[in-house]
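Student: Pasting a structure below so you can have a look.
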Amino acid sequence: MTSIPPDEAVENGHGNGNGPSPPPAKRPRAVISAAQIRAEFEHHEAGVARVNNGSFGCCPASVLDAQARWQRVFISQPDDFYFHSLQPGLLRSRAAVAALVNAGDVSEVSLVDNATTAAAIVLQHAAWSFAEGRFARGDAVLMLHYAYGAVKKSIHAYVARAGATVVEVPLPFPVASADAIISEFRAALAVAKAGGRKVRLAVIDHITSMPSVVIPVKELVAICREEGVDKVFVDAAHSIGQVRVDVRDIGADFYTSNLHKWFFCPPAVAFLHMRKDDPIASQLHHPVVSHEYGNGLPMESGWIGTRDYSAQLVVPNSIDFVNRFEGGIEGICSRNHEKVIEMGRLLAEAWGTFLGSSPELCGSMVMVGLPGCLGVDSDGDALRVRTMLRRDFMVEVPIYYNSRRVEAQEIAKDKNGDVVTGYVRISHQVYNVREDYEKLRDAVNKLVAEGFMSSKLRPSEKEMVA
């Protein structure tokens, strides 16, 4: 019989209720050294200034090794893996997540591929509620204007199609304070409730993706409770590993976060939390229907057919990795925040611009204005400049085009008086060094010195026709 890899061995348990708690902590190691950090990430492509941890995350070699062990267990004896190893292993990962986010019980945590899948689970239920008459046609769903693109499309694909009125919260950017976000949220919620309309669901980001801003999510959830919003779904794709997450303190009905972005798991794994005492807990289903349908979302998500489950099985190994750092994940978050603000200010000073939000509204990512003379005037411009930085300068960084402004908000300008419409979103993770940001700084300074404008990269009419 094939056994669970020694590092992943757990007590028996099927994972559909009160299973085992995380195993006792291992004997603490010495704090990880700079050389050991470099060794853990030496598989990163050499010479690339990788200041974009936010998009795809990173995974250390020790966790990749653990993943490979799980993959070999499956390949060597699939039947034994399915009947004896998979569910106990998933239960251990779920228990680890439950402890990490202060869930009330392991049964409240389901493992899914990513936050987009979690959104589909929640929005699918809302769509059924419209289709089956529990919600009236025209009832509202509220979301932030800066909601993640895939989630915005899911809202329209599921609930708008089923009859919902979708109301967006037009957040300011650049943003100076949490109060500005709260004010816009209250105003949009009033619009959603106009004429006695019921607000069935609010979708709130914990950290928006582009532009990146830490949202005062606990305060917005409390407002939803005060104003009678039925359910609140927090899309926190970027949160775990950037900011402290306590799902009971936040108080949302549904909370999801990716573990492969900022928590060092391999792609793809995320969790969805929902309180076990919620009446609709039994009504949530994974969009991929398989043999476990009807046995509760944790079990449905734990088997959606033959596939590679190894990313979901190595969550305890990622926890072991973060615990090698001083202060564990809290220490990593704190140091990343301090460093990304420092590097953001370095870039802003060099370019004569500014940060897109105050430091308290940043986690391990920050928006930095690009010199206005670059003339980033569309999403297409932003993508082409991003591609040029990757190919010509070996710098990997997302670029945001700020196309939408709250009414009456003053247009931000750089030190030369040029309007700032383009921003880089820089990340800081444990593998980053100062030279990464200096490489980005110097690349942009070179473009400015050469009189570069984004319009030079736009396709000609002939190329567009072709």
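FYI, nothing fancy with the structure tokens labels: chains A, B, ... in order, residues from 1 per chain, ligands from 1 as they appear.
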Taking 2 positions as the minimum chain separation for residues in the same chain, which residues sit within 7 Å of range 387-397 of chain A when counting only C-alpha atoms? Answer as an mmCIF file with N, CA and C atoms, in the first residue's frame.
Tutor:
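Listed below is the output, selection.cif:
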data_model
loop_
_atom_site.group_PDB
_atom_site.id
_atom_site.type_symbol
_atom_site.label_atom_id
_atom_site.label_comp_id
_atom_site.auth_asym_id
_atom_site.auth_seq_id
_atom_site.Cartn_x
_atom_site.Cartn_y
_atom_site.Cartn_z
ATOM 1 N N GLY A 47 18.318 37.256 -13.747
ATOM 2 C CA GLY A 47 18.406 38.532 -14.442
ATOM 3 C C GLY A 47 17.106 39.295 -14.571
ATOM 4 N N VAL A 48 16.002 38.683 -14.167
ATOM 5 C CA VAL A 48 14.704 39.347 -14.263
ATOM 6 C C VAL A 48 14.391 40.052 -12.949
ATOM 7 N N ALA A 49 14.073 41.348 -13.032
ATOM 8 C CA ALA A 49 13.614 42.091 -11.858
ATOM 9 C C ALA A 49 12.136 41.764 -11.671
ATOM 10 N N ARG A 50 11.869 40.830 -10.787
ATOM 11 C CA ARG A 50 10.518 40.282 -10.618
ATOM 12 C C ARG A 50 9.832 41.040 -9.482
ATOM 13 N N VAL A 51 9.217 42.158 -9.840
ATOM 14 C CA VAL A 51 8.544 42.969 -8.827
ATOM 15 C C VAL A 51 7.030 42.863 -9.003
ATOM 16 N N ASN A 52 6.598 41.681 -9.407
ATOM 17 C CA ASN A 52 5.182 41.417 -9.642
ATOM 18 C C ASN A 52 4.761 40.116 -8.977
ATOM 19 N N LEU A 383 -0.498 47.882 -21.454
ATOM 20 C CA LEU A 383 -0.048 46.522 -21.743
ATOM 21 C C LEU A 383 1.195 46.524 -22.632
ATOM 22 N N ARG A 384 1.223 47.410 -23.609
ATOM 23 C CA ARG A 384 2.392 47.454 -24.505
ATOM 24 C C ARG A 384 3.645 47.947 -23.786
ATOM 25 N N VAL A 385 3.509 48.921 -22.893
ATOM 26 C CA VAL A 385 4.666 49.371 -22.119
ATOM 27 C C VAL A 385 5.133 48.261 -21.174
ATOM 28 N N ILE A 399 1.256 47.422 -15.229
ATOM 29 C CA ILE A 399 1.028 48.862 -15.405
ATOM 30 C C ILE A 399 -0.469 49.108 -15.493
ATOM 31 N N VAL A 424 2.701 52.053 -12.054
ATOM 32 C CA VAL A 424 3.200 50.696 -11.871
ATOM 33 C C VAL A 424 2.675 50.172 -10.544
ATOM 34 N N ARG A 425 2.399 48.872 -10.516
ATOM 35 C CA ARG A 425 2.044 48.217 -9.248
ATOM 36 C C ARG A 425 3.227 47.341 -8.866
ATOM 37 N N ILE A 426 3.979 47.800 -7.872
ATOM 38 C CA ILE A 426 5.132 47.011 -7.437
ATOM 39 C C ILE A 426 4.761 46.159 -6.228
ATOM 40 N N LEU A 440 14.053 48.837 -12.405
ATOM 41 C CA LEU A 440 12.824 49.454 -12.905
ATOM 42 C C LEU A 440 12.980 50.971 -12.974
ATOM 43 N N ALA A 443 15.150 51.926 -15.920
ATOM 44 C CA ALA A 443 14.508 51.681 -17.210
ATOM 45 C C ALA A 443 13.560 52.823 -17.570
#
Student: Would you mind listing what lies within 8 Å of range 192-201 of chain A as a PDB file with N, CA and C atoms, in the first residue's frame, with only C-alpha atoms counted and same-chain residues fewer than 3 positions away left out?
Tutor:
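Okay, selection-v3.pdb is ready:
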ATOM      1  N   ALA A 126     -26.504  32.728  -5.929  1.00  0.00           N
ATOM      2  CA  ALA A 126     -27.325  33.931  -6.101  1.00  0.00           C
ATOM      3  C   ALA A 126     -28.149  33.845  -7.375  1.00  0.00           C
ATOM      4  N   PHE A 135     -35.338  35.557  -4.959  1.00  0.00           N
ATOM      5  CA  PHE A 135     -35.029  36.963  -5.176  1.00  0.00           C
ATOM      6  C   PHE A 135     -35.923  37.479  -6.298  1.00  0.00           C
ATOM      7  N   GLY A 138     -34.682  42.461 -10.544  1.00  0.00           N
ATOM      8  CA  GLY A 138     -34.383  43.857 -10.245  1.00  0.00           C
ATOM      9  C   GLY A 138     -33.740  44.072  -8.897  1.00  0.00           C
ATOM     10  N   ASP A 139     -33.765  43.078  -7.999  1.00  0.00           N
ATOM     11  CA  ASP A 139     -33.018  43.198  -6.743  1.00  0.00           C
ATOM     12  C   ASP A 139     -31.550  43.438  -7.068  1.00  0.00           C
ATOM     13  N   ALA A 140     -30.855  44.101  -6.143  1.00  0.00           N
ATOM     14  CA  ALA A 140     -29.512  44.604  -6.461  1.00  0.00           C
ATOM     15  C   ALA A 140     -28.383  43.721  -5.948  1.00  0.00           C
ATOM     16  N   VAL A 141     -27.301  43.778  -6.708  1.00  0.00           N
ATOM     17  CA  VAL A 141     -25.996  43.248  -6.285  1.00  0.00           C
ATOM     18  C   VAL A 141     -25.017  44.408  -6.380  1.00  0.00           C
ATOM     19  N   LEU A 142     -24.268  44.634  -5.305  1.00  0.00           N
ATOM     20  CA  LEU A 142     -23.342  45.758  -5.220  1.00  0.00           C
ATOM     21  C   LEU A 142     -21.911  45.256  -5.350  1.00  0.00           C
ATOM     22  N   VAL A 167     -24.978  47.362  -9.260  1.00  0.00           N
ATOM     23  CA  VAL A 167     -24.593  48.733  -8.912  1.00  0.00           C
ATOM     24  C   VAL A 167     -23.120  48.739  -8.540  1.00  0.00           C
ATOM     25  N   ALA A 188     -23.111  54.682  -2.895  1.00  0.00           N
ATOM     26  CA  ALA A 188     -23.524  53.668  -3.864  1.00  0.00           C
ATOM     27  C   ALA A 188     -24.564  52.723  -3.279  1.00  0.00           C
ATOM     28  N   LEU A 189     -24.433  52.416  -1.998  1.00  0.00           N
ATOM     29  CA  LEU A 189     -25.417  51.553  -1.354  1.00  0.00           C
ATOM     30  C   LEU A 189     -26.781  52.232  -1.317  1.00  0.00           C
ATOM     31  N   GLY A 228     -29.055  46.373   5.981  1.00  0.00           N
ATOM     32  CA  GLY A 228     -29.926  45.271   5.605  1.00  0.00           C
ATOM     33  C   GLY A 228     -29.540  44.510   4.353  1.00  0.00           C
ATOM     34  N   VAL A 229     -28.273  44.569   3.964  1.00  0.00           N
ATOM     35  CA  VAL A 229     -27.805  43.763   2.826  1.00  0.00           C
ATOM     36  C   VAL A 229     -27.868  42.296   3.223  1.00  0.00           C
ATOM     37  N   ASP A 230     -28.443  41.467   2.339  1.00  0.00           N
ATOM     38  CA  ASP A 230     -28.638  40.059   2.688  1.00  0.00           C
ATOM     39  C   ASP A 230     -27.339  39.333   3.002  1.00  0.00           C
ATOM     40  N   LYS A 231     -26.413  39.354   2.044  1.00  0.00           N
ATOM     41  CA  LYS A 231     -25.175  38.596   2.179  1.00  0.00           C
ATOM     42  C   LYS A 231     -23.997  39.440   1.704  1.00  0.00           C
ATOM     43  N   VAL A 232     -22.825  39.170   2.308  1.00  0.00           N
ATOM     44  CA  VAL A 232     -21.597  39.867   1.922  1.00  0.00           C
ATOM     45  C   VAL A 232     -20.544  38.828   1.566  1.00  0.00           C
ATOM     46  N   PHE A 233     -19.998  38.974   0.374  1.00  0.00           N
ATOM     47  CA  PHE A 233     -18.920  38.114  -0.107  1.00  0.00           C
ATOM     48  C   PHE A 233     -17.663  38.956  -0.216  1.00  0.00           C
TER      49      PHE A 233
END
Student: Among range 136-264 of chain A, which residues carry a DSSP assignment of strand (DSSP E), reported as a ChimeraX atom specification?
Tutor: /A:140-144,165-169,199-205,231-235,254-258
Student: What lies within 9 Å of Gly104 in chain A using only C-alpha atoms, ignoring chain neighbours under 5 positions off, as a VMD selection string?
Tutor: chain A and resid 98 to 99 247 to 248 275 to 276
Student: Taking 5 positions as the minimum chain separation for residues in the same chain, which residues sit within 8 Å of Ala311 in chain A when counting only C-alpha atoms? Answer as a ChimeraX atom specification.
Tutor: /A:67,265-269
Student: When you look at Glu292 in chain A with a cut-off of 7 Å (counting only C-alpha atoms), what residues show up, excluding the ones that are within fewer than 5 positions of it in the same chain? I need them as a VMD selection string.
Tutor: chain A and resid 299 to 300 303
Student: Restricting the calculation to only C-alpha atoms, which member of A:Glu108, A:Asp442, A:Glu342, A:Asp79 is positioned closest to His273 in chain A?
Tutor: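 Going through A:Glu108, A:Asp442, A:Glu342, A:Asp79 one by one, the smallest distance to His273 in chain A is for A:Glu108.
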Student: Would you list the contacts of Arg161 in chain A as JSON, numbers by chain, taking every protein, DNA or RNA residue within 12 Å and counting only C-alpha atoms, but skipping same-chain residues closer than 6 positions in sequence?
Tutor: {"A": [123, 124, 126, 127, 128, 130, 131, 137, 138, 141, 153, 154, 155]}
Student: Take the residues from that selection and put them in a file with all heavy atoms, as a compact mmCIF listing (two decimals), in the first residue's frame.
Tutor:
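File written: again_4.txt
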# COMPACT_ATOMS: atom_id res chain seq x y z
N LEU A 123 -21.76 33.15 -6.53
CA LEU A 123 -22.63 33.81 -7.52
C LEU A 123 -23.59 32.82 -8.18
O LEU A 123 -24.71 33.19 -8.54
CB LEU A 123 -21.77 34.50 -8.57
CG LEU A 123 -20.90 35.65 -8.03
CD1 LEU A 123 -19.91 36.12 -9.08
CD2 LEU A 123 -21.78 36.81 -7.57
N GLN A 124 -23.17 31.59 -8.29
CA GLN A 124 -24.07 30.55 -8.81
C GLN A 124 -25.29 30.40 -7.91
O GLN A 124 -26.43 30.31 -8.38
CB GLN A 124 -23.31 29.22 -8.88
CG GLN A 124 -24.15 28.02 -9.28
CD GLN A 124 -23.31 26.75 -9.27
OE1 GLN A 124 -23.03 26.18 -10.31
NE2 GLN A 124 -22.90 26.31 -8.09
N ALA A 126 -26.50 32.73 -5.93
CA ALA A 126 -27.33 33.93 -6.10
C ALA A 126 -28.15 33.85 -7.38
O ALA A 126 -29.33 34.22 -7.39
CB ALA A 126 -26.43 35.17 -6.12
N ALA A 127 -27.56 33.34 -8.45
CA ALA A 127 -28.29 33.20 -9.71
C ALA A 127 -29.46 32.23 -9.55
O ALA A 127 -30.56 32.48 -10.07
CB ALA A 127 -27.35 32.72 -10.81
N TRP A 128 -29.23 31.13 -8.86
CA TRP A 128 -30.33 30.19 -8.61
C TRP A 128 -31.44 30.84 -7.79
O TRP A 128 -32.63 30.57 -8.01
CB TRP A 128 -29.81 28.97 -7.85
CG TRP A 128 -28.94 28.05 -8.67
CD1 TRP A 128 -28.85 27.99 -10.03
CD2 TRP A 128 -28.02 27.09 -8.15
NE1 TRP A 128 -27.92 27.04 -10.40
CE2 TRP A 128 -27.40 26.47 -9.27
CE3 TRP A 128 -27.64 26.68 -6.88
CZ2 TRP A 128 -26.44 25.47 -9.14
CZ3 TRP A 128 -26.69 25.68 -6.75
CH2 TRP A 128 -26.10 25.08 -7.86
N PHE A 130 -32.38 33.93 -7.90
CA PHE A 130 -33.20 34.71 -8.83
C PHE A 130 -34.06 33.78 -9.68
O PHE A 130 -35.26 34.01 -9.85
CB PHE A 130 -32.30 35.57 -9.73
CG PHE A 130 -31.84 36.85 -9.11
CD1 PHE A 130 -30.56 36.97 -8.58
CD2 PHE A 130 -32.69 37.95 -9.04
CE1 PHE A 130 -30.13 38.15 -8.00
CE2 PHE A 130 -32.28 39.14 -8.46
CZ PHE A 130 -30.99 39.24 -7.93
N ALA A 131 -33.46 32.75 -10.21
CA ALA A 131 -34.17 31.85 -11.12
C ALA A 131 -35.32 31.12 -10.44
O ALA A 131 -36.37 30.86 -11.05
CB ALA A 131 -33.20 30.84 -11.73
N ARG A 137 -36.80 39.86 -9.55
CA ARG A 137 -36.08 40.47 -10.66
C ARG A 137 -35.90 41.97 -10.37
O ARG A 137 -36.83 42.66 -9.97
CB ARG A 137 -36.86 40.27 -11.95
CG ARG A 137 -36.07 40.63 -13.20
CD ARG A 137 -36.79 40.17 -14.46
NE ARG A 137 -35.94 40.33 -15.62
CZ ARG A 137 -35.03 39.46 -16.03
NH1 ARG A 137 -34.88 38.33 -15.35
NH2 ARG A 137 -34.29 39.68 -17.09
N GLY A 138 -34.68 42.46 -10.54
CA GLY A 138 -34.38 43.86 -10.24
C GLY A 138 -33.74 44.07 -8.90
O GLY A 138 -33.21 45.17 -8.64
N VAL A 141 -27.30 43.78 -6.71
CA VAL A 141 -26.00 43.25 -6.29
C VAL A 141 -25.02 44.41 -6.38
O VAL A 141 -24.95 45.10 -7.40
CB VAL A 141 -25.54 42.08 -7.18
CG1 VAL A 141 -24.10 41.70 -6.86
CG2 VAL A 141 -26.46 40.87 -6.99
N LYS A 153 -16.95 40.03 -14.45
CA LYS A 153 -17.59 39.29 -15.54
C LYS A 153 -18.46 38.17 -15.01
O LYS A 153 -19.53 37.88 -15.56
CB LYS A 153 -16.53 38.76 -16.50
CG LYS A 153 -15.86 39.87 -17.31
CD LYS A 153 -14.87 39.32 -18.32
CE LYS A 153 -14.29 40.46 -19.15
NZ LYS A 153 -13.33 39.99 -20.17
N SER A 154 -18.02 37.53 -13.91
CA SER A 154 -18.83 36.48 -13.30
C SER A 154 -20.13 37.04 -12.74
O SER A 154 -21.19 36.40 -12.83
CB SER A 154 -18.04 35.79 -12.18
OG SER A 154 -16.94 35.09 -12.70
N ILE A 155 -20.06 38.24 -12.16
CA ILE A 155 -21.28 38.87 -11.65
C ILE A 155 -22.28 39.08 -12.78
O ILE A 155 -23.48 38.81 -12.64
CB ILE A 155 -20.93 40.20 -10.95
CG1 ILE A 155 -20.22 39.91 -9.62
CG2 ILE A 155 -22.17 41.06 -10.72
CD1 ILE A 155 -19.63 41.14 -8.95
Student: Apply DSSP to the structure's backbone, then extract all residues of range 286-424 of chain A labelled helix (DSSP H, G or I) and return them as a ChimeraX atom specification.
Tutor: /A:297-302,310-313,315-322,328-351,359-361,372-374,379-393
Student: Mind dumping a table of every range 221-324 of chain A residue within 12 Å of range 147-151 of chain A, with the nearest atom pair and its distance in Å to one decimal, using only C-alpha atoms, sorted by chain and rising number, as a Markdown table?
Tutor:
| residue | atom | partner | partner_atom | distance |
| --- | --- | --- | --- | --- |
| A:Phe233 | CA | A:Val151 | CA | 11.4 |
| A:Val234 | CA | A:Ala147 | CA | 10.6 |
| A:Asp235 | CA | A:Ala147 | CA | 8.5 |
| A:Ala236 | CA | A:Tyr148 | CA | 10.1 |
| A:Ala237 | CA | A:Tyr148 | CA | 9.1 |
| A:His238 | CA | A:Tyr148 | CA | 10.8 |
Student: Between range 48-127 of chain A and range 202-211 of chain A, at 10 Å or less, what are the per-residue closest atom pairs and their distances in Å? Count only C-alpha atoms, order by chain and rising residue number, and return it as a tab-separated table.
Tutor:
residue	atom	partner	partner_atom	distance
A:Gly54	CA	A:Ser209	CA	8.1
A:Ser55	CA	A:Ser209	CA	8.6
A:Ala119	CA	A:Val203	CA	9.2
A:Val122	CA	A:Val203	CA	10.0
A:Leu123	CA	A:Val203	CA	9.7
Student: Using only C-alpha atoms, find the one residue out of A:Ser129, A:Ser62, A:Gln429, A:Thr256 that sits nearest to Glu40 in chain A.
Tutor: A:Ser62
Student: Within 12 Å of Arg335 in chain A, counting only C-alpha atoms, which residues qualify if same-chain residues fewer than 4 places away don't, as a VMD selection string?
Tutor: chain A and resid 241 to 243 325 to 331 339 to 342 363 to 364 428 to 432
Student: Write out, as a PDB file, in the first residue's frame, the residues just selected, with C-alpha atoms.
Tutor:
ATOM      1  CA  GLY A 241       0.088  36.658   3.407  1.00  0.00           C
ATOM      2  CA  GLN A 242      -0.272  40.426   2.920  1.00  0.00           C
ATOM      3  CA  VAL A 243      -2.522  41.433   5.800  1.00  0.00           C
ATOM      4  CA  PHE A 325      11.123  33.542   9.190  1.00  0.00           C
ATOM      5  CA  GLU A 326      11.298  35.763  12.237  1.00  0.00           C
ATOM      6  CA  GLY A 327       7.736  36.451  13.325  1.00  0.00           C
ATOM      7  CA  GLY A 328       6.262  33.903  10.912  1.00  0.00           C
ATOM      8  CA  ILE A 329       3.734  35.219   8.426  1.00  0.00           C
ATOM      9  CA  GLU A 330       3.083  38.346  10.509  1.00  0.00           C
ATOM     10  CA  GLY A 331       6.771  39.195  10.381  1.00  0.00           C
ATOM     11  CA  LYS A 339      10.068  47.535   2.088  1.00  0.00           C
ATOM     12  CA  VAL A 340       7.443  48.098  -0.594  1.00  0.00           C
ATOM     13  CA  ILE A 341       6.678  51.567   0.796  1.00  0.00           C
ATOM     14  CA  GLU A 342      10.402  52.346   0.888  1.00  0.00           C
ATOM     15  CA  GLY A 363      -0.094  45.811   2.023  1.00  0.00           C
ATOM     16  CA  SER A 364       2.857  44.307   0.173  1.00  0.00           C
ATOM     17  CA  HIS A 428       7.706  43.083  -2.393  1.00  0.00           C
ATOM     18  CA  GLN A 429       8.211  39.461  -1.402  1.00  0.00           C
ATOM     19  CA  VAL A 430      10.957  37.784   0.589  1.00  0.00           C
ATOM     20  CA  TYR A 431      13.094  37.120  -2.512  1.00  0.00           C
ATOM     21  CA  ASN A 432      13.183  40.743  -3.689  1.00  0.00           C
TER      22      ASN A 432
END
Student: I need the residue nearest Ile240 in chain A from this list: A:Ser357, A:Ser177, A:Leu100, A:His337. Use only C-alpha atoms for the distance.
Tutor: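 The shortest atom-to-atom distance to Ile240 in chain A comes from A:Leu100.
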Student: Restricting the calculation to only C-alpha atoms, which member of A:Ile32, A:Gln283, A:Met343, A:Phe56 is positioned closest to Trp262 in chain A?
Tutor: A:Phe56
Student: One decimal, Å: what's the distance from CA of Glu410 in chain A over to CA of Leu370 in chain A, could you say?
Tutor: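 Atom-to-atom, CA of Glu410 in chain A and CA of Leu370 in chain A are spaced 17.2 Å apart.
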